[in-house]
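What's in upload23.cif: mmCIF, N, CA and C atoms
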```
data_my_file
#
loop_
_atom_site.label_atom_id
_atom_site.label_comp_id
_atom_site.auth_asym_id
_atom_site.auth_seq_id
_atom_site.Cartn_x
_atom_site.Cartn_y
_atom_site.Cartn_z
N MET T 1415 -37.16 0.05 -40.72
CA MET T 1415 -36.56 -0.93 -39.87
C MET T 1415 -35.20 -1.36 -40.39
N ARG T 1416 -35.13 -1.55 -41.69
CA ARG T 1416 -33.90 -2.03 -42.27
C ARG T 1416 -32.76 -1.03 -42.06
N LEU T 1417 -33.02 0.25 -42.19
CA LEU T 1417 -32.00 1.27 -41.99
C LEU T 1417 -31.52 1.26 -40.54
N GLY T 1418 -32.43 1.08 -39.60
CA GLY T 1418 -32.07 1.04 -38.18
C GLY T 1418 -31.17 -0.14 -37.87
N SER T 1419 -31.48 -1.30 -38.45
CA SER T 1419 -30.65 -2.48 -38.17
C SER T 1419 -29.28 -2.34 -38.84
N MET T 1420 -29.21 -1.66 -39.97
CA MET T 1420 -27.92 -1.42 -40.63
C MET T 1420 -27.07 -0.48 -39.77
N SER T 1421 -27.69 0.57 -39.21
CA SER T 1421 -26.97 1.52 -38.38
C SER T 1421 -26.47 0.84 -37.11
N ALA T 1422 -27.28 -0.01 -36.52
CA ALA T 1422 -26.87 -0.72 -35.31
C ALA T 1422 -25.70 -1.64 -35.60
N ALA T 1423 -25.75 -2.32 -36.73
CA ALA T 1423 -24.66 -3.23 -37.11
C ALA T 1423 -23.38 -2.45 -37.36
N ALA T 1424 -23.47 -1.31 -38.03
CA ALA T 1424 -22.30 -0.49 -38.31
C ALA T 1424 -21.73 0.05 -37.01
N GLY T 1425 -22.60 0.48 -36.10
CA GLY T 1425 -22.15 0.99 -34.81
C GLY T 1425 -21.45 -0.09 -33.99
N ALA T 1426 -21.99 -1.29 -34.00
CA ALA T 1426 -21.38 -2.41 -33.27
C ALA T 1426 -20.01 -2.74 -33.86
N ALA T 1427 -19.89 -2.70 -35.18
CA ALA T 1427 -18.61 -2.98 -35.82
C ALA T 1427 -17.58 -1.93 -35.45
N MET T 1428 -18.01 -0.66 -35.36
CA MET T 1428 -17.09 0.42 -35.01
C MET T 1428 -16.63 0.25 -33.56
N VAL T 1429 -17.52 -0.08 -32.64
CA VAL T 1429 -17.16 -0.28 -31.24
C VAL T 1429 -16.18 -1.43 -31.12
N LEU T 1430 -16.43 -2.51 -31.85
CA LEU T 1430 -15.54 -3.66 -31.83
C LEU T 1430 -14.15 -3.28 -32.34
N ALA T 1431 -14.09 -2.53 -33.41
CA ALA T 1431 -12.81 -2.11 -33.98
C ALA T 1431 -12.05 -1.21 -33.02
N LEU T 1432 -12.75 -0.30 -32.34
CA LEU T 1432 -12.10 0.61 -31.40
C LEU T 1432 -11.59 -0.13 -30.18
N SER T 1433 -12.36 -1.12 -29.71
CA SER T 1433 -11.93 -1.84 -28.52
C SER T 1433 -10.75 -2.76 -28.82
N ALA T 1434 -10.55 -3.14 -30.06
CA ALA T 1434 -9.44 -4.01 -30.42
C ALA T 1434 -8.16 -3.22 -30.67
N ALA T 1435 -8.27 -1.91 -30.84
CA ALA T 1435 -7.07 -1.11 -31.10
C ALA T 1435 -6.23 -1.00 -29.84
N PRO T 1436 -4.91 -1.03 -29.95
CA PRO T 1436 -4.05 -0.93 -28.77
C PRO T 1436 -4.17 0.45 -28.14
N ALA T 1437 -4.01 0.49 -26.82
CA ALA T 1437 -4.06 1.76 -26.10
C ALA T 1437 -2.86 2.61 -26.50
N GLN T 1438 -3.08 3.89 -26.60
CA GLN T 1438 -2.02 4.79 -27.01
C GLN T 1438 -1.44 5.57 -25.83
N ALA T 1439 -1.71 5.13 -24.61
CA ALA T 1439 -1.17 5.81 -23.44
C ALA T 1439 0.35 5.72 -23.44
N ALA T 1440 0.98 6.73 -22.90
CA ALA T 1440 2.44 6.73 -22.84
C ALA T 1440 2.93 5.58 -21.97
N GLN T 1441 3.86 4.82 -22.48
CA GLN T 1441 4.43 3.70 -21.75
C GLN T 1441 5.80 4.10 -21.22
N PRO T 1442 6.18 3.61 -20.03
CA PRO T 1442 7.51 3.94 -19.53
C PRO T 1442 8.58 3.29 -20.39
N ALA T 1443 9.74 3.91 -20.44
CA ALA T 1443 10.87 3.31 -21.15
C ALA T 1443 11.18 1.97 -20.51
N PRO T 1444 11.68 1.01 -21.26
CA PRO T 1444 11.95 -0.31 -20.68
C PRO T 1444 12.79 -0.24 -19.41
N ALA T 1445 13.73 0.67 -19.35
CA ALA T 1445 14.59 0.77 -18.17
C ALA T 1445 13.81 1.22 -16.94
N GLU T 1446 12.76 2.00 -17.13
CA GLU T 1446 11.98 2.51 -16.02
C GLU T 1446 10.91 1.53 -15.54
N ALA T 1447 10.63 0.54 -16.34
CA ALA T 1447 9.54 -0.37 -16.03
C ALA T 1447 9.90 -1.29 -14.88
N CYS T 1448 8.95 -1.51 -14.01
CA CYS T 1448 9.13 -2.50 -12.97
C CYS T 1448 9.22 -3.86 -13.66
N GLY T 1449 9.98 -4.74 -13.09
CA GLY T 1449 10.17 -6.04 -13.69
C GLY T 1449 11.36 -6.11 -14.62
N TRP T 1450 12.12 -5.01 -14.72
CA TRP T 1450 13.29 -4.97 -15.59
C TRP T 1450 14.41 -5.76 -14.93
N ALA T 1451 14.79 -6.86 -15.52
CA ALA T 1451 15.88 -7.68 -15.01
C ALA T 1451 17.08 -7.56 -15.93
N VAL T 1452 18.19 -7.15 -15.38
CA VAL T 1452 19.41 -7.00 -16.16
C VAL T 1452 20.16 -8.33 -16.11
N THR T 1453 20.51 -8.85 -17.26
CA THR T 1453 21.34 -10.05 -17.31
C THR T 1453 22.62 -9.67 -18.02
N ASP T 1454 23.63 -9.44 -17.23
CA ASP T 1454 24.90 -8.96 -17.76
C ASP T 1454 26.01 -9.48 -16.86
N VAL T 1455 27.19 -8.99 -17.07
CA VAL T 1455 28.36 -9.39 -16.30
C VAL T 1455 28.41 -8.61 -14.99
N LEU T 1456 28.80 -9.28 -13.91
CA LEU T 1456 28.98 -8.59 -12.64
C LEU T 1456 30.15 -7.63 -12.76
N THR T 1457 29.97 -6.38 -12.29
CA THR T 1457 31.01 -5.37 -12.42
C THR T 1457 31.52 -4.85 -11.09
N ALA T 1458 30.78 -5.11 -10.01
CA ALA T 1458 31.18 -4.58 -8.69
C ALA T 1458 30.52 -5.42 -7.60
N SER T 1459 30.96 -5.18 -6.39
CA SER T 1459 30.30 -5.78 -5.23
C SER T 1459 30.43 -4.82 -4.07
N GLY T 1460 29.61 -5.04 -3.06
CA GLY T 1460 29.62 -4.14 -1.93
C GLY T 1460 28.88 -4.71 -0.75
N LEU T 1461 28.65 -3.84 0.22
CA LEU T 1461 27.97 -4.21 1.45
C LEU T 1461 26.69 -3.39 1.62
N ILE T 1462 25.68 -4.01 2.17
CA ILE T 1462 24.43 -3.32 2.47
C ILE T 1462 24.66 -2.45 3.71
N THR T 1463 24.23 -1.18 3.63
CA THR T 1463 24.48 -0.22 4.71
C THR T 1463 23.22 0.14 5.50
N LYS T 1464 22.12 -0.55 5.24
CA LYS T 1464 20.86 -0.28 5.93
C LYS T 1464 20.23 -1.60 6.33
N ASP T 1465 19.74 -1.70 7.54
CA ASP T 1465 19.07 -2.92 7.95
C ASP T 1465 17.78 -3.09 7.17
N LYS T 1466 17.56 -4.28 6.70
CA LYS T 1466 16.36 -4.61 5.91
C LYS T 1466 16.23 -3.74 4.67
N ALA T 1467 17.32 -3.57 3.93
CA ALA T 1467 17.29 -2.79 2.69
C ALA T 1467 16.36 -3.48 1.70
N ALA T 1468 15.40 -2.75 1.18
CA ALA T 1468 14.42 -3.33 0.26
C ALA T 1468 15.06 -3.63 -1.09
N VAL T 1469 14.66 -4.77 -1.64
CA VAL T 1469 15.06 -5.18 -2.99
C VAL T 1469 13.80 -5.07 -3.85
N HIS T 1470 13.89 -4.34 -4.95
CA HIS T 1470 12.74 -4.09 -5.83
C HIS T 1470 12.89 -4.83 -7.15
N ASP T 1471 11.79 -4.93 -7.90
CA ASP T 1471 11.85 -5.58 -9.22
C ASP T 1471 12.09 -4.58 -10.35
N GLY T 1472 12.49 -3.36 -10.02
CA GLY T 1472 12.80 -2.33 -10.99
C GLY T 1472 13.45 -1.16 -10.28
N PRO T 1473 14.01 -0.21 -11.04
CA PRO T 1473 14.75 0.90 -10.46
C PRO T 1473 13.88 2.09 -10.04
N ALA T 1474 12.92 1.82 -9.17
CA ALA T 1474 12.03 2.88 -8.68
C ALA T 1474 11.38 2.44 -7.38
N ALA T 1475 11.15 3.37 -6.49
CA ALA T 1475 10.52 3.06 -5.20
C ALA T 1475 9.13 2.47 -5.38
N GLY T 1476 8.45 2.81 -6.47
CA GLY T 1476 7.11 2.31 -6.71
C GLY T 1476 7.06 0.88 -7.23
N CYS T 1477 8.21 0.32 -7.57
CA CYS T 1477 8.24 -1.06 -8.05
C CYS T 1477 8.07 -2.01 -6.86
N ASP T 1478 7.57 -3.20 -7.14
CA ASP T 1478 7.32 -4.18 -6.08
C ASP T 1478 8.58 -4.54 -5.32
N VAL T 1479 8.44 -4.68 -4.01
CA VAL T 1479 9.53 -5.16 -3.16
C VAL T 1479 9.48 -6.68 -3.21
N THR T 1480 10.62 -7.28 -3.57
CA THR T 1480 10.69 -8.73 -3.72
C THR T 1480 11.45 -9.40 -2.58
N GLY T 1481 12.07 -8.58 -1.73
CA GLY T 1481 12.82 -9.13 -0.60
C GLY T 1481 13.55 -8.03 0.13
N HIS T 1482 14.36 -8.43 1.09
CA HIS T 1482 15.16 -7.49 1.88
C HIS T 1482 16.54 -8.09 2.11
N ARG T 1483 17.52 -7.23 2.28
CA ARG T 1483 18.89 -7.65 2.57
C ARG T 1483 19.28 -7.09 3.93
N ALA T 1484 19.98 -7.87 4.69
CA ALA T 1484 20.39 -7.48 6.04
C ALA T 1484 21.59 -6.54 6.01
N TYR T 1485 21.69 -5.71 7.03
CA TYR T 1485 22.82 -4.81 7.19
C TYR T 1485 24.11 -5.63 7.18
N GLY T 1486 25.09 -5.18 6.40
CA GLY T 1486 26.39 -5.83 6.35
C GLY T 1486 26.48 -7.02 5.41
N SER T 1487 25.37 -7.41 4.79
CA SER T 1487 25.44 -8.55 3.86
C SER T 1487 26.06 -8.10 2.53
N ARG T 1488 26.68 -9.04 1.86
CA ARG T 1488 27.33 -8.76 0.58
C ARG T 1488 26.30 -8.76 -0.54
N VAL T 1489 26.62 -7.96 -1.57
CA VAL T 1489 25.76 -7.90 -2.75
C VAL T 1489 26.65 -7.76 -3.98
N GLU T 1490 26.33 -8.51 -5.00
CA GLU T 1490 27.04 -8.44 -6.28
C GLU T 1490 26.24 -7.54 -7.21
N ILE T 1491 26.91 -6.67 -7.95
CA ILE T 1491 26.25 -5.63 -8.74
C ILE T 1491 26.55 -5.82 -10.24
N TYR T 1492 25.47 -5.78 -11.04
CA TYR T 1492 25.62 -5.82 -12.49
C TYR T 1492 25.90 -4.43 -13.06
N CYS T 1493 25.04 -3.46 -12.68
CA CYS T 1493 25.16 -2.12 -13.25
C CYS T 1493 24.40 -1.12 -12.39
N LYS T 1494 24.53 0.15 -12.76
CA LYS T 1494 23.82 1.22 -12.05
C LYS T 1494 22.93 1.97 -13.04
N TYR T 1495 21.84 2.54 -12.53
CA TYR T 1495 20.89 3.24 -13.38
C TYR T 1495 20.29 4.41 -12.61
N THR T 1496 20.23 5.57 -13.25
CA THR T 1496 19.57 6.74 -12.67
C THR T 1496 18.19 6.85 -13.29
N ASN T 1497 17.15 6.79 -12.46
CA ASN T 1497 15.78 6.82 -12.99
C ASN T 1497 15.33 8.24 -13.32
N ASP T 1498 14.10 8.37 -13.78
CA ASP T 1498 13.56 9.65 -14.24
C ASP T 1498 13.53 10.74 -13.17
N VAL T 1499 13.49 10.36 -11.90
CA VAL T 1499 13.46 11.37 -10.84
C VAL T 1499 14.85 11.63 -10.27
N GLY T 1500 15.88 11.03 -10.88
CA GLY T 1500 17.26 11.30 -10.49
C GLY T 1500 17.84 10.41 -9.42
N ASN T 1501 17.14 9.34 -9.05
CA ASN T 1501 17.65 8.43 -8.03
C ASN T 1501 18.51 7.33 -8.66
N LEU T 1502 19.66 7.08 -8.05
CA LEU T 1502 20.58 6.05 -8.53
C LEU T 1502 20.24 4.71 -7.88
N TRP T 1503 20.14 3.67 -8.73
CA TRP T 1503 19.81 2.32 -8.29
C TRP T 1503 20.86 1.35 -8.82
N TYR T 1504 21.09 0.26 -8.08
CA TYR T 1504 21.99 -0.79 -8.53
C TYR T 1504 21.19 -2.03 -8.87
N SER T 1505 21.49 -2.62 -10.03
CA SER T 1505 20.92 -3.91 -10.39
C SER T 1505 21.85 -4.96 -9.81
N THR T 1506 21.32 -5.81 -8.94
CA THR T 1506 22.13 -6.80 -8.23
C THR T 1506 21.63 -8.21 -8.54
N THR T 1507 22.32 -9.18 -8.01
CA THR T 1507 21.90 -10.57 -8.19
C THR T 1507 20.58 -10.85 -7.46
N PHE T 1508 20.17 -9.96 -6.57
CA PHE T 1508 18.90 -10.13 -5.84
C PHE T 1508 17.76 -9.34 -6.46
N GLY T 1509 18.08 -8.27 -7.18
CA GLY T 1509 17.11 -7.34 -7.74
C GLY T 1509 17.68 -5.93 -7.63
N TRP T 1510 16.82 -4.93 -7.69
CA TRP T 1510 17.24 -3.53 -7.67
C TRP T 1510 17.28 -2.99 -6.24
N ILE T 1511 18.41 -2.35 -5.88
CA ILE T 1511 18.57 -1.77 -4.55
C ILE T 1511 18.96 -0.30 -4.71
N TYR T 1512 18.29 0.55 -3.95
CA TYR T 1512 18.54 1.99 -3.95
C TYR T 1512 19.99 2.24 -3.50
N SER T 1513 20.72 3.05 -4.25
CA SER T 1513 22.17 3.20 -4.05
C SER T 1513 22.62 3.65 -2.65
N PRO T 1514 21.89 4.53 -1.94
CA PRO T 1514 22.37 4.89 -0.60
C PRO T 1514 22.45 3.71 0.36
N TYR T 1515 21.83 2.59 0.01
CA TYR T 1515 21.83 1.41 0.88
C TYR T 1515 22.96 0.44 0.55
N VAL T 1516 23.86 0.84 -0.38
CA VAL T 1516 24.96 -0.03 -0.80
C VAL T 1516 26.27 0.76 -0.79
N ARG T 1517 27.30 0.17 -0.20
CA ARG T 1517 28.64 0.77 -0.26
C ARG T 1517 29.51 -0.17 -1.12
N ILE T 1518 29.89 0.30 -2.29
CA ILE T 1518 30.72 -0.51 -3.19
C ILE T 1518 32.13 -0.58 -2.61
N ASP T 1519 32.65 -1.81 -2.52
CA ASP T 1519 34.02 -1.97 -2.01
C ASP T 1519 34.93 -2.70 -2.98
N ARG T 1520 34.37 -3.22 -4.08
CA ARG T 1520 35.19 -3.85 -5.11
C ARG T 1520 34.61 -3.54 -6.49
N GLY T 1521 35.46 -3.13 -7.40
CA GLY T 1521 35.01 -2.84 -8.75
C GLY T 1521 34.34 -1.49 -8.88
N SER T 1522 33.72 -1.30 -10.02
CA SER T 1522 33.03 -0.05 -10.31
C SER T 1522 31.81 -0.39 -11.16
N ALA T 1523 30.64 -0.04 -10.66
CA ALA T 1523 29.40 -0.35 -11.37
C ALA T 1523 29.33 0.46 -12.67
N VAL T 1524 29.06 -0.21 -13.77
CA VAL T 1524 28.90 0.45 -15.06
C VAL T 1524 27.45 0.85 -15.25
N ARG T 1525 27.20 1.77 -16.17
CA ARG T 1525 25.82 2.18 -16.47
C ARG T 1525 25.08 1.05 -17.20
N CYS T 1526 23.80 0.90 -16.87
CA CYS T 1526 22.96 -0.10 -17.54
C CYS T 1526 22.59 0.37 -18.93
#
```
Once you've parsed the file, please lay out its structure as structure tokens.
Amino acid sequence: MRLGSMSAAAGAAMVLALSAAPAQAAQPAPAEACGWAVTDVLTASGLITKDKAAVHDGPAAGCDVTGHRAYGSRVEIYCKYTNDVGNLWYSTTFGWIYSPYVRIDRGSAVRC
């Protein structure tokens, strides 16, 4: 009996130790993560070229949509970023907007 209770205690300790270890799954680079907010100097501005252009919380279509911008509305741009699948996004004062939906008319967006 004593050996069985020792084995059970050792097994429970091992399970506890394994569950406390951090997951080793690959994490996206900070720039790719949804929720990435750039706080930097404004470098450009432009106009929205699509009605109801989606504003995301990160530079990827899979990131949450936090709002929309109307066609022809102005947008201030902090920087630009090309994500892992090759899509160019602008970090704006509203959030991230896919580049084909923005026409820059002042300044030049710098890389994030």
Handout entry: Pairwise distance for atom N of T:Gly1500 and atom CA of T:Ala1467, rounded to one decimal in Å
Key =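 Separation between atom N of T:Gly1500 and atom CA of T:Ala1467: 19.4 Å.
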Problem - Selection dump of the PyMOL selection byres ((chain T and resi 1488) around 7), as a PyMOL selection string - result: chain T and resi 1459-1462+1485-1487+1489-1490
Practice task
Name the residues captured by the PyMOL selection byres (((chain T and resi 1483 and name CA) around 12) and name CA) when it is applied to the shown file; answer as a VMD selection string.
Solution key: chain T and resid 1461 to 1470 1479 to 1482 1484 to 1489 1506 to 1512 1515 to 1516
Check which residues of stretch 1469-1505 of chain T sit at most 7 Å from stretch 1448-1454 of chain T using all atoms listed in the file, and return one row each with the closest pair of atoms and their distance in Å to one decimal, ordered by chain and rising number, as a Markdown table.
```
| residue | atom | partner | partner_atom | distance |
| --- | --- | --- | --- | --- |
| T:His1470 | C | T:Gly1449 | N | 6.6 |
| T:Asp1471 | C | T:Gly1449 | N | 3.5 |
| T:Gly1472 | CA | T:Cys1448 | CA | 4.2 |
| T:Pro1473 | N | T:Cys1448 | CA | 5.7 |
| T:Ala1474 | N | T:Cys1448 | CA | 6.9 |
| T:Gly1476 | C | T:Cys1448 | CA | 7.0 |
| T:Cys1477 | CA | T:Cys1448 | CA | 5.2 |
| T:Asp1478 | N | T:Cys1448 | CA | 6.1 |
| T:Tyr1492 | CA | T:Asp1454 | C | 5.7 |
| T:Ser1505 | CA | T:Val1452 | N | 6.5 |
```
Residues matched by the PyMOL selection byres ((chain T and resi 1495) around 8), written as an mmCIF file with N, CA and C atoms, keeping the file's coordinate frame:
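What landed in part17.cif:
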```cif
data_model
loop_
_atom_site.group_PDB
_atom_site.id
_atom_site.type_symbol
_atom_site.label_atom_id
_atom_site.label_comp_id
_atom_site.auth_asym_id
_atom_site.auth_seq_id
_atom_site.Cartn_x
_atom_site.Cartn_y
_atom_site.Cartn_z
ATOM 1 N N PRO T 1473 14.010 -0.210 -11.040
ATOM 2 C CA PRO T 1473 14.750 0.900 -10.460
ATOM 3 C C PRO T 1473 13.880 2.090 -10.040
ATOM 4 N N CYS T 1493 25.040 -3.460 -12.680
ATOM 5 C CA CYS T 1493 25.160 -2.120 -13.250
ATOM 6 C C CYS T 1493 24.400 -1.120 -12.390
ATOM 7 N N LYS T 1494 24.530 0.150 -12.760
ATOM 8 C CA LYS T 1494 23.820 1.220 -12.050
ATOM 9 C C LYS T 1494 22.930 1.970 -13.040
ATOM 10 N N THR T 1496 20.230 5.570 -13.250
ATOM 11 C CA THR T 1496 19.570 6.740 -12.670
ATOM 12 C C THR T 1496 18.190 6.850 -13.290
ATOM 13 N N ASN T 1497 17.150 6.790 -12.460
ATOM 14 C CA ASN T 1497 15.780 6.820 -12.990
ATOM 15 C C ASN T 1497 15.330 8.240 -13.320
ATOM 16 N N ASP T 1498 14.100 8.370 -13.780
ATOM 17 C CA ASP T 1498 13.560 9.650 -14.240
ATOM 18 C C ASP T 1498 13.530 10.740 -13.170
ATOM 19 N N GLY T 1500 15.880 11.030 -10.880
ATOM 20 C CA GLY T 1500 17.260 11.300 -10.490
ATOM 21 C C GLY T 1500 17.840 10.410 -9.420
ATOM 22 N N ASN T 1501 17.140 9.340 -9.050
ATOM 23 C CA ASN T 1501 17.650 8.430 -8.030
ATOM 24 C C ASN T 1501 18.510 7.330 -8.660
ATOM 25 N N LEU T 1502 19.660 7.080 -8.050
ATOM 26 C CA LEU T 1502 20.580 6.050 -8.530
ATOM 27 C C LEU T 1502 20.240 4.710 -7.880
ATOM 28 N N TRP T 1503 20.140 3.670 -8.730
ATOM 29 C CA TRP T 1503 19.810 2.320 -8.290
ATOM 30 C C TRP T 1503 20.860 1.350 -8.820
ATOM 31 N N TYR T 1504 21.090 0.260 -8.080
ATOM 32 C CA TYR T 1504 21.990 -0.790 -8.530
ATOM 33 C C TYR T 1504 21.190 -2.030 -8.870
ATOM 34 N N SER T 1505 21.490 -2.620 -10.030
ATOM 35 C CA SER T 1505 20.920 -3.910 -10.390
ATOM 36 C C SER T 1505 21.850 -4.960 -9.810
ATOM 37 N N ALA T 1523 30.640 -0.040 -10.660
ATOM 38 C CA ALA T 1523 29.400 -0.350 -11.370
ATOM 39 C C ALA T 1523 29.330 0.460 -12.670
ATOM 40 N N VAL T 1524 29.060 -0.210 -13.770
ATOM 41 C CA VAL T 1524 28.900 0.450 -15.060
ATOM 42 C C VAL T 1524 27.450 0.850 -15.250
ATOM 43 N N ARG T 1525 27.200 1.770 -16.170
ATOM 44 C CA ARG T 1525 25.820 2.180 -16.470
ATOM 45 C C ARG T 1525 25.080 1.050 -17.200
ATOM 46 N N CYS T 1526 23.800 0.900 -16.870
ATOM 47 C CA CYS T 1526 22.960 -0.100 -17.540
ATOM 48 C C CYS T 1526 22.590 0.370 -18.930
#
```
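Of note, atom C of T:Ile1491 and atom C of T:Ala1475 are spaced 19.9 Å apart.
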Problem - Backbone-only DSSP, strand (DSSP E) members of stretch 1462-1513 of chain T, as a PyMOL selection string - result: chain T and resi 1462+1467-1470+1479-1483+1488-1496+1502-1506+1510-1512
Practice task
To one decimal in Å, tell me the separation between atom CA of T:Ile1518 and atom C of T:Ala1458.
Solution key: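 Atom CA of T:Ile1518 sits 6.6 Å away from atom C of T:Ala1458.
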Centre and edges of the stretch 1499-1506 of chain T box, axis-aligned, 3 Å extra per side, as JSON:
```
{"center_x": 17.8, "center_y": 1.7, "center_z": -9.9, "size_x": 14.7, "size_y": 25.8, "size_z": 10.0}
```
Is there a way to complete stretch 1470-1478 of chain T with all heavy atoms and then write that out as a short mmCIF file (atom, residue, chain, number, x, y, z; two decimals), in the frame of the given file?
```cif
data_model
loop_
_atom_site.label_atom_id
_atom_site.label_comp_id
_atom_site.auth_asym_id
_atom_site.auth_seq_id
_atom_site.Cartn_x
_atom_site.Cartn_y
_atom_site.Cartn_z
N HIS T 1470 13.89 -4.34 -4.95
CA HIS T 1470 12.74 -4.09 -5.83
C HIS T 1470 12.89 -4.83 -7.15
O HIS T 1470 13.99 -5.24 -7.52
CB HIS T 1470 12.62 -2.59 -6.11
CG HIS T 1470 12.34 -1.76 -4.90
ND1 HIS T 1470 11.10 -1.29 -4.58
CD2 HIS T 1470 13.16 -1.33 -3.90
CE1 HIS T 1470 11.15 -0.59 -3.47
NE2 HIS T 1470 12.40 -0.60 -3.03
N ASP T 1471 11.79 -4.93 -7.90
CA ASP T 1471 11.85 -5.58 -9.22
C ASP T 1471 12.09 -4.58 -10.35
O ASP T 1471 11.98 -4.91 -11.51
CB ASP T 1471 10.61 -6.43 -9.50
CG ASP T 1471 9.35 -5.62 -9.76
OD1 ASP T 1471 9.36 -4.39 -9.54
OD2 ASP T 1471 8.35 -6.21 -10.18
N GLY T 1472 12.49 -3.36 -10.02
CA GLY T 1472 12.80 -2.33 -10.99
C GLY T 1472 13.45 -1.16 -10.28
O GLY T 1472 13.45 -1.08 -9.05
N PRO T 1473 14.01 -0.21 -11.04
CA PRO T 1473 14.75 0.90 -10.46
C PRO T 1473 13.88 2.09 -10.04
O PRO T 1473 14.07 3.21 -10.48
CB PRO T 1473 15.71 1.29 -11.58
CG PRO T 1473 14.93 0.99 -12.82
CD PRO T 1473 14.15 -0.25 -12.51
N ALA T 1474 12.92 1.82 -9.17
CA ALA T 1474 12.03 2.88 -8.68
C ALA T 1474 11.38 2.44 -7.38
O ALA T 1474 11.09 1.24 -7.20
CB ALA T 1474 10.95 3.20 -9.71
N ALA T 1475 11.15 3.37 -6.49
CA ALA T 1475 10.52 3.06 -5.20
C ALA T 1475 9.13 2.47 -5.38
O ALA T 1475 8.67 1.68 -4.55
CB ALA T 1475 10.46 4.31 -4.34
N GLY T 1476 8.45 2.81 -6.47
CA GLY T 1476 7.11 2.31 -6.71
C GLY T 1476 7.06 0.88 -7.23
O GLY T 1476 5.99 0.29 -7.32
N CYS T 1477 8.21 0.32 -7.57
CA CYS T 1477 8.24 -1.06 -8.05
C CYS T 1477 8.07 -2.01 -6.86
O CYS T 1477 8.40 -1.67 -5.72
CB CYS T 1477 9.55 -1.35 -8.77
SG CYS T 1477 9.72 -0.46 -10.33
N ASP T 1478 7.57 -3.20 -7.14
CA ASP T 1478 7.32 -4.18 -6.08
C ASP T 1478 8.58 -4.54 -5.32
O ASP T 1478 9.66 -4.69 -5.91
CB ASP T 1478 6.74 -5.47 -6.67
CG ASP T 1478 5.31 -5.30 -7.16
OD1 ASP T 1478 4.63 -4.35 -6.72
OD2 ASP T 1478 4.89 -6.13 -7.97
#
```
